[in-house]
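Peer 1: Pasting coords_2.cif below, which is mmCIF, C-alpha atoms, pLDDT in the B column; chains and numbers go by the auth columns.
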```cif
data_final
loop_
_atom_site.group_PDB
_atom_site.id
_atom_site.type_symbol
_atom_site.label_atom_id
_atom_site.label_comp_id
_atom_site.label_asym_id
_atom_site.label_seq_id
_atom_site.Cartn_x
_atom_site.Cartn_y
_atom_site.Cartn_z
_atom_site.B_iso_or_equiv
_atom_site.auth_seq_id
_atom_site.auth_asym_id
ATOM 1 C CA MET A 1 24.245 57.356 -37.784 44.00 177 A
ATOM 2 C CA SER A 2 26.401 56.634 -34.741 38.00 178 A
ATOM 3 C CA SER A 3 23.408 57.237 -32.435 41.00 179 A
ATOM 4 C CA GLN A 4 21.408 54.619 -34.380 39.00 180 A
ATOM 5 C CA ILE A 5 24.227 52.116 -33.948 37.00 181 A
ATOM 6 C CA VAL A 6 24.311 52.801 -30.193 37.00 182 A
ATOM 7 C CA THR A 7 20.533 52.388 -29.980 40.00 183 A
ATOM 8 C CA VAL A 8 20.612 49.065 -31.825 37.00 184 A
ATOM 9 C CA ALA A 9 23.510 47.829 -29.693 42.00 185 A
ATOM 10 C CA ALA A 10 21.691 48.798 -26.517 43.00 186 A
ATOM 11 C CA ALA A 11 18.554 46.990 -27.657 42.00 187 A
ATOM 12 C CA ALA A 12 20.570 43.881 -28.487 43.00 188 A
ATOM 13 C CA ALA A 13 22.224 43.979 -25.083 42.00 189 A
ATOM 14 C CA GLY A 14 18.849 44.323 -23.394 43.00 190 A
ATOM 15 C CA ALA A 15 17.448 41.364 -25.314 40.00 191 A
ATOM 16 C CA ALA A 16 20.459 39.240 -24.398 40.00 192 A
ATOM 17 C CA LEU A 17 20.044 40.177 -20.736 34.00 193 A
ATOM 18 C CA GLY A 18 16.373 39.256 -20.922 39.00 194 A
ATOM 19 C CA LEU A 19 17.211 35.831 -22.350 35.00 195 A
ATOM 20 C CA LEU A 20 19.812 35.323 -19.608 34.00 196 A
ATOM 21 C CA VAL A 21 17.268 36.130 -16.896 30.00 197 A
ATOM 22 C CA LEU A 22 14.673 33.838 -18.501 31.00 198 A
ATOM 23 C CA ALA A 23 17.171 30.981 -18.719 33.00 199 A
ATOM 24 C CA SER A 24 18.065 31.324 -15.025 32.00 200 A
ATOM 25 C CA THR A 25 14.425 31.486 -13.904 31.00 201 A
ATOM 26 C CA PRO A 26 12.763 28.260 -12.659 40.00 202 A
ATOM 27 C CA ALA A 27 10.342 26.726 -15.161 42.00 203 A
ATOM 28 C CA GLN A 28 7.266 27.260 -13.006 43.00 204 A
ATOM 29 C CA ALA A 29 8.084 30.968 -12.727 37.00 205 A
ATOM 30 C CA GLN A 30 8.653 31.262 -16.472 38.00 206 A
ATOM 31 C CA PHE A 31 5.344 29.727 -17.430 44.00 207 A
ATOM 32 C CA GLY A 32 3.299 30.750 -14.414 45.00 208 A
ATOM 33 C CA ARG A 33 2.292 27.239 -13.367 59.00 209 A
ATOM 34 C CA GLU A 34 1.442 26.197 -9.839 74.00 210 A
ATOM 35 C CA PRO A 35 4.220 24.322 -7.995 74.00 211 A
ATOM 36 C CA THR A 36 2.064 21.188 -7.815 87.00 212 A
ATOM 37 C CA ALA A 37 0.786 21.329 -11.419 90.00 213 A
ATOM 38 C CA CYS A 38 3.092 18.621 -12.753 92.00 214 A
ATOM 39 C CA MET A 39 2.458 16.255 -9.885 92.00 215 A
ATOM 40 C CA GLU A 40 -1.293 16.719 -10.258 93.00 216 A
ATOM 41 C CA ILE A 41 -1.170 15.720 -13.932 94.00 217 A
ATOM 42 C CA ALA A 42 0.336 12.378 -12.915 94.00 218 A
ATOM 43 C CA THR A 43 -1.650 11.770 -9.738 95.00 219 A
ATOM 44 C CA GLY A 44 -4.902 12.749 -11.450 95.00 220 A
ATOM 45 C CA TYR A 45 -4.383 10.052 -14.071 96.00 221 A
ATOM 46 C CA ALA A 46 -3.242 7.556 -11.423 96.00 222 A
ATOM 47 C CA GLU A 47 -6.503 8.173 -9.564 96.00 223 A
ATOM 48 C CA ARG A 48 -8.489 7.639 -12.756 95.00 224 A
ATOM 49 C CA LEU A 49 -6.781 4.286 -13.278 96.00 225 A
ATOM 50 C CA ALA A 50 -7.582 3.338 -9.686 95.00 226 A
ATOM 51 C CA GLN A 51 -11.262 4.128 -10.295 94.00 227 A
ATOM 52 C CA LEU A 52 -11.407 1.519 -13.049 93.00 228 A
ATOM 53 C CA GLY A 53 -11.681 -1.163 -10.382 92.00 229 A
ATOM 54 C CA GLU A 54 -10.249 -4.660 -10.705 94.00 230 A
ATOM 55 C CA VAL A 55 -8.703 -5.268 -14.112 96.00 231 A
ATOM 56 C CA ALA A 56 -7.437 -8.827 -13.454 96.00 232 A
ATOM 57 C CA PRO A 57 -10.904 -10.453 -13.856 95.00 233 A
ATOM 58 C CA LEU A 58 -11.314 -8.675 -17.204 96.00 234 A
ATOM 59 C CA ILE A 59 -7.951 -10.037 -18.329 96.00 235 A
ATOM 60 C CA GLU A 60 -9.040 -13.552 -17.401 96.00 236 A
ATOM 61 C CA THR A 61 -12.333 -13.192 -19.272 94.00 237 A
ATOM 62 C CA GLN A 62 -10.610 -11.791 -22.362 95.00 238 A
ATOM 63 C CA ALA A 63 -7.917 -14.491 -22.315 96.00 239 A
ATOM 64 C CA GLU A 64 -10.556 -17.222 -22.171 95.00 240 A
ATOM 65 C CA ALA A 65 -12.427 -15.636 -25.082 95.00 241 A
ATOM 66 C CA LEU A 66 -9.226 -15.455 -27.142 96.00 242 A
ATOM 67 C CA ARG A 67 -8.438 -19.119 -26.467 97.00 243 A
ATOM 68 C CA ALA A 68 -11.947 -20.078 -27.547 96.00 244 A
ATOM 69 C CA LEU A 69 -11.700 -18.000 -30.732 97.00 245 A
ATOM 70 C CA ASP A 70 -8.352 -19.566 -31.629 97.00 246 A
ATOM 71 C CA GLU A 71 -9.805 -23.038 -31.085 97.00 247 A
ATOM 72 C CA ILE A 72 -12.715 -22.224 -33.378 97.00 248 A
ATOM 73 C CA ALA A 73 -10.352 -20.949 -36.078 96.00 249 A
ATOM 74 C CA ALA A 74 -8.255 -24.125 -35.871 96.00 250 A
ATOM 75 C CA ARG A 75 -11.176 -26.436 -36.770 96.00 251 A
ATOM 76 C CA GLU A 76 -10.277 -26.973 -40.414 93.00 252 A
ATOM 77 C CA ASP A 77 -12.941 -29.670 -40.755 95.00 253 A
ATOM 78 C CA VAL A 78 -15.593 -26.961 -40.275 96.00 254 A
ATOM 79 C CA GLU A 79 -16.509 -24.588 -43.114 97.00 255 A
ATOM 80 C CA PRO A 80 -15.059 -21.047 -42.776 97.00 256 A
ATOM 81 C CA PHE A 81 -18.527 -19.490 -42.718 97.00 257 A
ATOM 82 C CA ASP A 82 -19.645 -21.781 -39.882 97.00 258 A
ATOM 83 C CA ARG A 83 -16.495 -20.979 -37.905 97.00 259 A
ATOM 84 C CA LEU A 84 -17.136 -17.284 -38.377 97.00 260 A
ATOM 85 C CA GLN A 85 -20.718 -17.662 -37.214 97.00 261 A
ATOM 86 C CA GLU A 86 -19.591 -19.562 -34.119 97.00 262 A
ATOM 87 C CA ALA A 87 -17.028 -16.870 -33.291 97.00 263 A
ATOM 88 C CA GLU A 88 -19.616 -14.106 -33.603 96.00 264 A
ATOM 89 C CA ALA A 89 -22.009 -16.056 -31.399 95.00 265 A
ATOM 90 C CA LEU A 90 -19.266 -16.391 -28.777 94.00 266 A
ATOM 91 C CA LEU A 91 -18.757 -12.627 -28.717 92.00 267 A
ATOM 92 C CA ARG A 92 -22.481 -12.160 -28.118 90.00 268 A
ATOM 93 C CA GLY A 93 -22.364 -14.540 -25.144 87.00 269 A
ATOM 94 C CA ARG A 94 -23.490 -13.430 -21.699 82.00 270 A
ATOM 95 C CA ASP A 95 -20.043 -13.426 -20.029 78.00 271 A
ATOM 96 C CA LEU A 96 -18.377 -11.292 -22.692 85.00 272 A
ATOM 97 C CA TRP A 97 -21.406 -9.045 -23.067 83.00 273 A
ATOM 98 C CA ASP A 98 -21.364 -8.246 -19.348 83.00 274 A
ATOM 99 C CA ALA A 99 -17.617 -7.545 -19.364 89.00 275 A
ATOM 100 C CA ALA A 100 -17.621 -5.509 -22.582 90.00 276 A
ATOM 101 C CA ARG A 101 -18.624 -2.191 -20.991 90.00 277 A
ATOM 102 C CA ASN A 102 -15.899 -2.380 -18.337 92.00 278 A
ATOM 103 C CA ILE A 103 -13.351 -3.394 -20.961 94.00 279 A
ATOM 104 C CA ARG A 104 -14.284 -0.358 -23.063 93.00 280 A
ATOM 105 C CA ARG A 105 -13.783 1.895 -20.018 94.00 281 A
ATOM 106 C CA VAL A 106 -10.284 0.534 -19.524 95.00 282 A
ATOM 107 C CA VAL A 107 -9.421 0.922 -23.210 94.00 283 A
ATOM 108 C CA ARG A 108 -10.659 4.537 -23.216 94.00 284 A
ATOM 109 C CA ALA A 109 -8.607 5.321 -20.111 94.00 285 A
ATOM 110 C CA LEU A 110 -5.440 3.980 -21.730 93.00 286 A
ATOM 111 C CA ASP A 111 -6.164 5.919 -24.906 92.00 287 A
ATOM 112 C CA ASN A 112 -5.867 9.084 -22.770 92.00 288 A
ATOM 113 C CA ALA A 113 -2.344 8.233 -21.620 93.00 289 A
ATOM 114 C CA SER A 114 -0.861 10.092 -24.593 92.00 290 A
ATOM 115 C CA ALA A 115 -2.757 13.239 -23.552 93.00 291 A
ATOM 116 C CA VAL A 116 -1.224 12.978 -20.070 94.00 292 A
ATOM 117 C CA VAL A 117 2.269 12.739 -21.578 94.00 293 A
ATOM 118 C CA ALA A 118 1.525 15.719 -23.843 94.00 294 A
ATOM 119 C CA GLY A 119 0.273 17.751 -20.882 92.00 295 A
ATOM 120 C CA TRP A 120 3.417 16.946 -18.936 93.00 296 A
ATOM 121 C CA ARG A 121 5.602 18.146 -21.805 92.00 297 A
ATOM 122 C CA GLY A 122 3.411 21.184 -22.378 91.00 298 A
ATOM 123 C CA LEU A 123 4.091 22.413 -18.844 88.00 299 A
ATOM 124 C CA TYR A 124 7.829 21.756 -19.213 90.00 300 A
ATOM 125 C CA CYS A 125 7.698 19.318 -16.319 91.00 301 A
ATOM 126 C CA PRO A 126 10.915 17.588 -15.208 85.00 302 A
ATOM 127 C CA SER A 127 12.289 14.523 -16.973 85.00 303 A
ATOM 128 C CA ALA A 128 12.446 11.178 -15.213 81.00 304 A
ATOM 129 C CA ARG A 129 15.602 10.592 -13.128 76.00 305 A
ATOM 130 C CA PRO A 130 17.542 7.315 -13.098 71.00 306 A
ATOM 131 C CA THR A 131 17.486 7.518 -9.273 69.00 307 A
ATOM 132 C CA ILE A 132 13.721 8.316 -9.301 69.00 308 A
ATOM 133 C CA GLY A 133 13.258 10.387 -6.122 67.00 309 A
ATOM 134 C CA ALA A 134 16.255 9.244 -4.078 72.00 310 A
ATOM 135 C CA GLY A 135 17.891 12.040 -2.106 72.00 311 A
ATOM 136 C CA LEU A 136 15.032 14.461 -2.755 75.00 312 A
ATOM 137 C CA GLU A 137 12.413 15.809 -0.359 80.00 313 A
ATOM 138 C CA GLY A 138 9.036 17.481 -0.452 84.00 314 A
ATOM 139 C CA GLN A 139 7.585 18.655 -3.741 88.00 315 A
ATOM 140 C CA GLU A 140 10.811 18.000 -5.621 87.00 316 A
ATOM 141 C CA ARG A 141 10.627 14.332 -4.629 88.00 317 A
ATOM 142 C CA CYS A 142 6.962 14.139 -5.614 91.00 318 A
ATOM 143 C CA ASP A 143 7.721 15.663 -9.019 91.00 319 A
ATOM 144 C CA ALA A 144 10.507 13.121 -9.573 90.00 320 A
ATOM 145 C CA LEU A 145 8.183 10.245 -8.659 92.00 321 A
ATOM 146 C CA SER A 146 5.526 11.667 -10.967 93.00 322 A
ATOM 147 C CA ALA A 147 8.029 11.989 -13.816 93.00 323 A
ATOM 148 C CA THR A 148 8.882 8.293 -13.511 93.00 324 A
ATOM 149 C CA PHE A 149 5.187 7.380 -13.699 94.00 325 A
ATOM 150 C CA VAL A 150 4.629 9.555 -16.784 95.00 326 A
ATOM 151 C CA ASP A 151 7.657 7.913 -18.378 93.00 327 A
ATOM 152 C CA GLN A 152 5.937 4.554 -17.926 93.00 328 A
ATOM 153 C CA LEU A 153 2.927 5.939 -19.776 94.00 329 A
ATOM 154 C CA ARG A 154 5.158 7.110 -22.610 91.00 330 A
ATOM 155 C CA ILE A 155 7.203 3.943 -23.068 89.00 331 A
ATOM 156 C CA ASP A 156 5.423 0.796 -24.226 88.00 332 A
ATOM 157 C CA ASN A 157 7.960 -1.810 -25.297 88.00 333 A
ATOM 158 C CA PRO A 158 6.352 -5.136 -26.267 90.00 334 A
ATOM 159 C CA SER A 159 7.994 -8.243 -24.846 92.00 335 A
ATOM 160 C CA PRO A 160 9.844 -10.665 -27.159 94.00 336 A
ATOM 161 C CA GLN A 161 7.032 -13.143 -26.568 94.00 337 A
ATOM 162 C CA GLU A 162 4.435 -10.615 -27.740 95.00 338 A
ATOM 163 C CA LEU A 163 6.485 -9.775 -30.825 95.00 339 A
ATOM 164 C CA ARG A 164 6.744 -13.463 -31.731 96.00 340 A
ATOM 165 C CA GLU A 165 3.021 -13.952 -31.239 96.00 341 A
ATOM 166 C CA ARG A 166 2.205 -10.993 -33.479 95.00 342 A
ATOM 167 C CA GLU A 167 4.562 -12.339 -36.141 97.00 343 A
ATOM 168 C CA ARG A 168 2.873 -15.734 -35.927 96.00 344 A
ATOM 169 C CA ARG A 169 -0.568 -14.206 -36.339 96.00 345 A
ATOM 170 C CA GLU A 170 0.557 -12.099 -39.291 96.00 346 A
ATOM 171 C CA ALA A 171 2.070 -15.195 -40.933 97.00 347 A
ATOM 172 C CA GLU A 172 -1.298 -16.885 -40.535 96.00 348 A
ATOM 173 C CA ARG A 173 -2.958 -13.977 -42.320 96.00 349 A
ATOM 174 C CA GLN A 174 -0.494 -14.245 -45.197 97.00 350 A
ATOM 175 C CA THR A 175 -1.262 -17.971 -45.450 96.00 351 A
ATOM 176 C CA ILE A 176 -4.975 -17.191 -45.774 96.00 352 A
ATOM 177 C CA LEU A 177 -4.293 -14.621 -48.501 95.00 353 A
ATOM 178 C CA LYS A 178 -2.179 -17.076 -50.501 95.00 354 A
ATOM 179 C CA ALA A 179 -4.392 -20.137 -49.999 94.00 355 A
ATOM 180 C CA ARG A 180 -6.108 -21.679 -53.023 94.00 356 A
ATOM 181 C CA ILE A 181 -9.652 -21.310 -51.776 94.00 357 A
ATOM 182 C CA THR A 182 -12.769 -19.525 -52.931 96.00 358 A
ATOM 183 C CA ARG A 183 -13.033 -15.785 -52.463 96.00 359 A
ATOM 184 C CA THR A 184 -15.977 -16.273 -50.096 97.00 360 A
ATOM 185 C CA ASP A 185 -14.001 -18.660 -47.876 97.00 361 A
ATOM 186 C CA ARG A 186 -11.033 -16.291 -47.886 97.00 362 A
ATOM 187 C CA ASP A 187 -13.210 -13.360 -46.854 97.00 363 A
ATOM 188 C CA ASP A 188 -14.756 -15.405 -44.024 97.00 364 A
ATOM 189 C CA LEU A 189 -11.346 -16.541 -42.757 97.00 365 A
ATOM 190 C CA LEU A 190 -9.963 -13.006 -42.910 97.00 366 A
ATOM 191 C CA GLU A 191 -12.945 -11.698 -40.981 98.00 367 A
ATOM 192 C CA LEU A 192 -12.401 -14.400 -38.387 98.00 368 A
ATOM 193 C CA TRP A 193 -8.724 -13.429 -38.267 98.00 369 A
ATOM 194 C CA ASP A 194 -9.721 -9.787 -37.665 97.00 370 A
ATOM 195 C CA ILE A 195 -11.980 -10.816 -34.771 97.00 371 A
ATOM 196 C CA ARG A 196 -9.174 -12.816 -33.168 97.00 372 A
ATOM 197 C CA THR A 197 -6.635 -10.034 -33.709 97.00 373 A
ATOM 198 C CA ASP A 198 -8.953 -7.488 -32.082 96.00 374 A
ATOM 199 C CA ALA A 199 -9.372 -9.872 -29.152 96.00 375 A
ATOM 200 C CA TYR A 200 -5.594 -10.248 -28.845 97.00 376 A
ATOM 201 C CA ASP A 201 -5.018 -6.472 -29.010 96.00 377 A
ATOM 202 C CA THR A 202 -7.649 -5.939 -26.326 96.00 378 A
ATOM 203 C CA LEU A 203 -6.000 -8.528 -24.096 96.00 379 A
ATOM 204 C CA LYS A 204 -2.629 -6.762 -24.422 96.00 380 A
ATOM 205 C CA THR A 205 -4.298 -3.430 -23.616 96.00 381 A
ATOM 206 C CA LEU A 206 -5.873 -4.866 -20.469 96.00 382 A
ATOM 207 C CA GLU A 207 -2.552 -6.347 -19.355 96.00 383 A
ATOM 208 C CA ARG A 208 -0.833 -2.986 -19.817 96.00 384 A
ATOM 209 C CA ALA A 209 -3.675 -1.274 -17.948 96.00 385 A
ATOM 210 C CA LEU A 210 -3.071 -3.534 -14.957 97.00 386 A
ATOM 211 C CA VAL A 211 0.661 -2.710 -14.952 96.00 387 A
ATOM 212 C CA LEU A 212 -0.037 1.039 -15.132 96.00 388 A
ATOM 213 C CA GLN A 213 -2.774 0.814 -12.519 97.00 389 A
ATOM 214 C CA GLU A 214 -0.336 -0.803 -10.083 96.00 390 A
ATOM 215 C CA ALA A 215 2.301 1.823 -10.942 96.00 391 A
ATOM 216 C CA GLY A 216 -0.276 4.539 -10.289 96.00 392 A
ATOM 217 C CA GLU A 217 -1.156 3.074 -6.897 96.00 393 A
ATOM 218 C CA THR A 218 2.538 3.049 -5.997 95.00 394 A
ATOM 219 C CA LEU A 219 2.854 6.691 -7.074 95.00 395 A
ATOM 220 C CA LEU A 220 -0.105 7.767 -4.935 95.00 396 A
ATOM 221 C CA GLU A 221 1.257 5.931 -1.900 94.00 397 A
ATOM 222 C CA ARG A 222 4.728 7.475 -2.268 92.00 398 A
ATOM 223 C CA VAL A 223 3.370 10.976 -2.870 93.00 399 A
ATOM 224 C CA ARG A 224 1.258 10.748 0.273 92.00 400 A
ATOM 225 C CA SER A 225 4.247 9.376 2.174 89.00 401 A
ATOM 226 C CA ALA A 226 6.335 12.355 1.001 86.00 402 A
ATOM 227 C CA GLY A 227 3.688 14.702 2.365 87.00 403 A
ATOM 228 C CA CYS A 228 2.566 16.147 -0.972 86.00 404 A
ATOM 229 C CA VAL A 229 -1.163 16.316 -0.295 64.00 405 A
ATOM 230 C CA ASN A 230 -3.550 19.001 -1.536 53.00 406 A
ATOM 231 C CA GLY A 231 -0.692 20.975 -3.025 44.00 407 A
ATOM 232 C CA GLU A 232 1.336 21.093 0.203 45.00 408 A
ATOM 233 C CA SER A 233 4.660 19.406 0.849 43.00 409 A
ATOM 234 C CA SER A 234 6.283 18.625 4.182 40.00 410 A
#
```
Just give me the structure of the file as structure tokens.
Peer 2:
Amino acid sequence: MSSQIVTVAAAAAGAALGLLVLASTPAQAQFGREPTACMEIATGYAERLAQLGEVAPLIETQAEALRALDEIAAREDVEPFDRLQEAEALLRGRDLWDAARNIRRVVRALDNASAVVAGWRGLYCPSARPTIGAGLEGQERCDALSATFVDQLRIDNPSPQELRERERREAERQTILKARITRTDRDDLLELWDIRTDAYDTLKTLERALVLQEAGETLLERVRSAGCVNGESS
């Protein structure tokens, strides 16, 4: 009986020692990742954003389309069905049709931001530092810069102006639902509202894409400046 107790105690002590060693081992050694793996998650996505090309012209095109759609919706002297038809014709216009493919590419790229954040967490990469990369050198600095970029992907706080605009648009929808109009007119106005809301959401996505694209360019410049190129740090 006493020998069993000793055996169990020894096993428990061994397990505790193993946990202590694991806790004191650097993350990359624990999980067998390459030293540059975290940085490459961030820089790879930054490069993808850079490959999207100029986003500003797409923002301008989308903003003009949204203004036109809102103007169409505001014409209360025109029947709802006719307004809806005019809005759909606008979306089929040459300018928007040409820009649509590039806009979809940008939207798809931003949809993948959550996968980048998940990959960063999955490799137990470092958290963002308040000081970013100040006081650090080599790969450690590059990882800190990358962590800050990934944090920007994770956090998307709408501005007060955007929140007010979304509230205004939702109030407009509620007005349509409560209006004393025919069911057909209500359906047409709600469909027009959906078109305008999609256009607004797309505009906000493009604006965020531009911000992240610029942040990605800054990351790539700073990583190169720190000497972290092709997995090597100075």
Peer 1: So which one's closest to Ala213 in chain A, A:Leu299, A:Ala402, A:Ala289, A:Ile248? Using only C-alpha atoms, please.
Peer 2: A:Leu299
Peer 1: First collect every listed atom of range 211-229 of chain A; then fit an axis-aligned box around them, widen it by 8 Å on each side, and give centre and edge lengths in Å to one decimal, as JSON.
Peer 2:
```
{"center_x": -3.7, "center_y": 11.6, "center_z": -10.9, "size_x": 31.9, "size_y": 41.5, "size_z": 22.3}
```
Peer 1: Between CA of Ala232 in chain A and CA of Leu388 in chain A, what distance in Å does the model show, to one decimal?
Peer 2: 12.4 Å
Peer 1: Please report the interatomic distance between CA of Ala294 in chain A and CA of Cys214 in chain A in Å with one decimal.
Peer 2: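 Rounded to one decimal, the two atoms are 11.6 Å apart.
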Peer 1: Show me, as a ChimeraX atom specification, the residues that have an atom within 12 Å of Ser290 in chain A when counting all atoms listed in the file, minus same-chain residues fewer than 6 positions from it.
Peer 2: /A:218,221,284,296-297,326-332
Peer 1: Using the selection just defined, write its residues with C-alpha atoms as a tab-separated table (two decimals), keeping the file's coordinate frame.
Peer 2:
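Just written: result_36.tsv:
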```tsv
chain	number	residue	atom	x	y	z
A	218	ALA	CA	0.34	12.38	-12.92
A	221	TYR	CA	-4.38	10.05	-14.07
A	284	ARG	CA	-10.66	4.54	-23.22
A	296	TRP	CA	3.42	16.95	-18.94
A	297	ARG	CA	5.60	18.15	-21.80
A	326	VAL	CA	4.63	9.56	-16.78
A	327	ASP	CA	7.66	7.91	-18.38
A	328	GLN	CA	5.94	4.55	-17.93
A	329	LEU	CA	2.93	5.94	-19.78
A	330	ARG	CA	5.16	7.11	-22.61
A	331	ILE	CA	7.20	3.94	-23.07
A	332	ASP	CA	5.42	0.80	-24.23
```
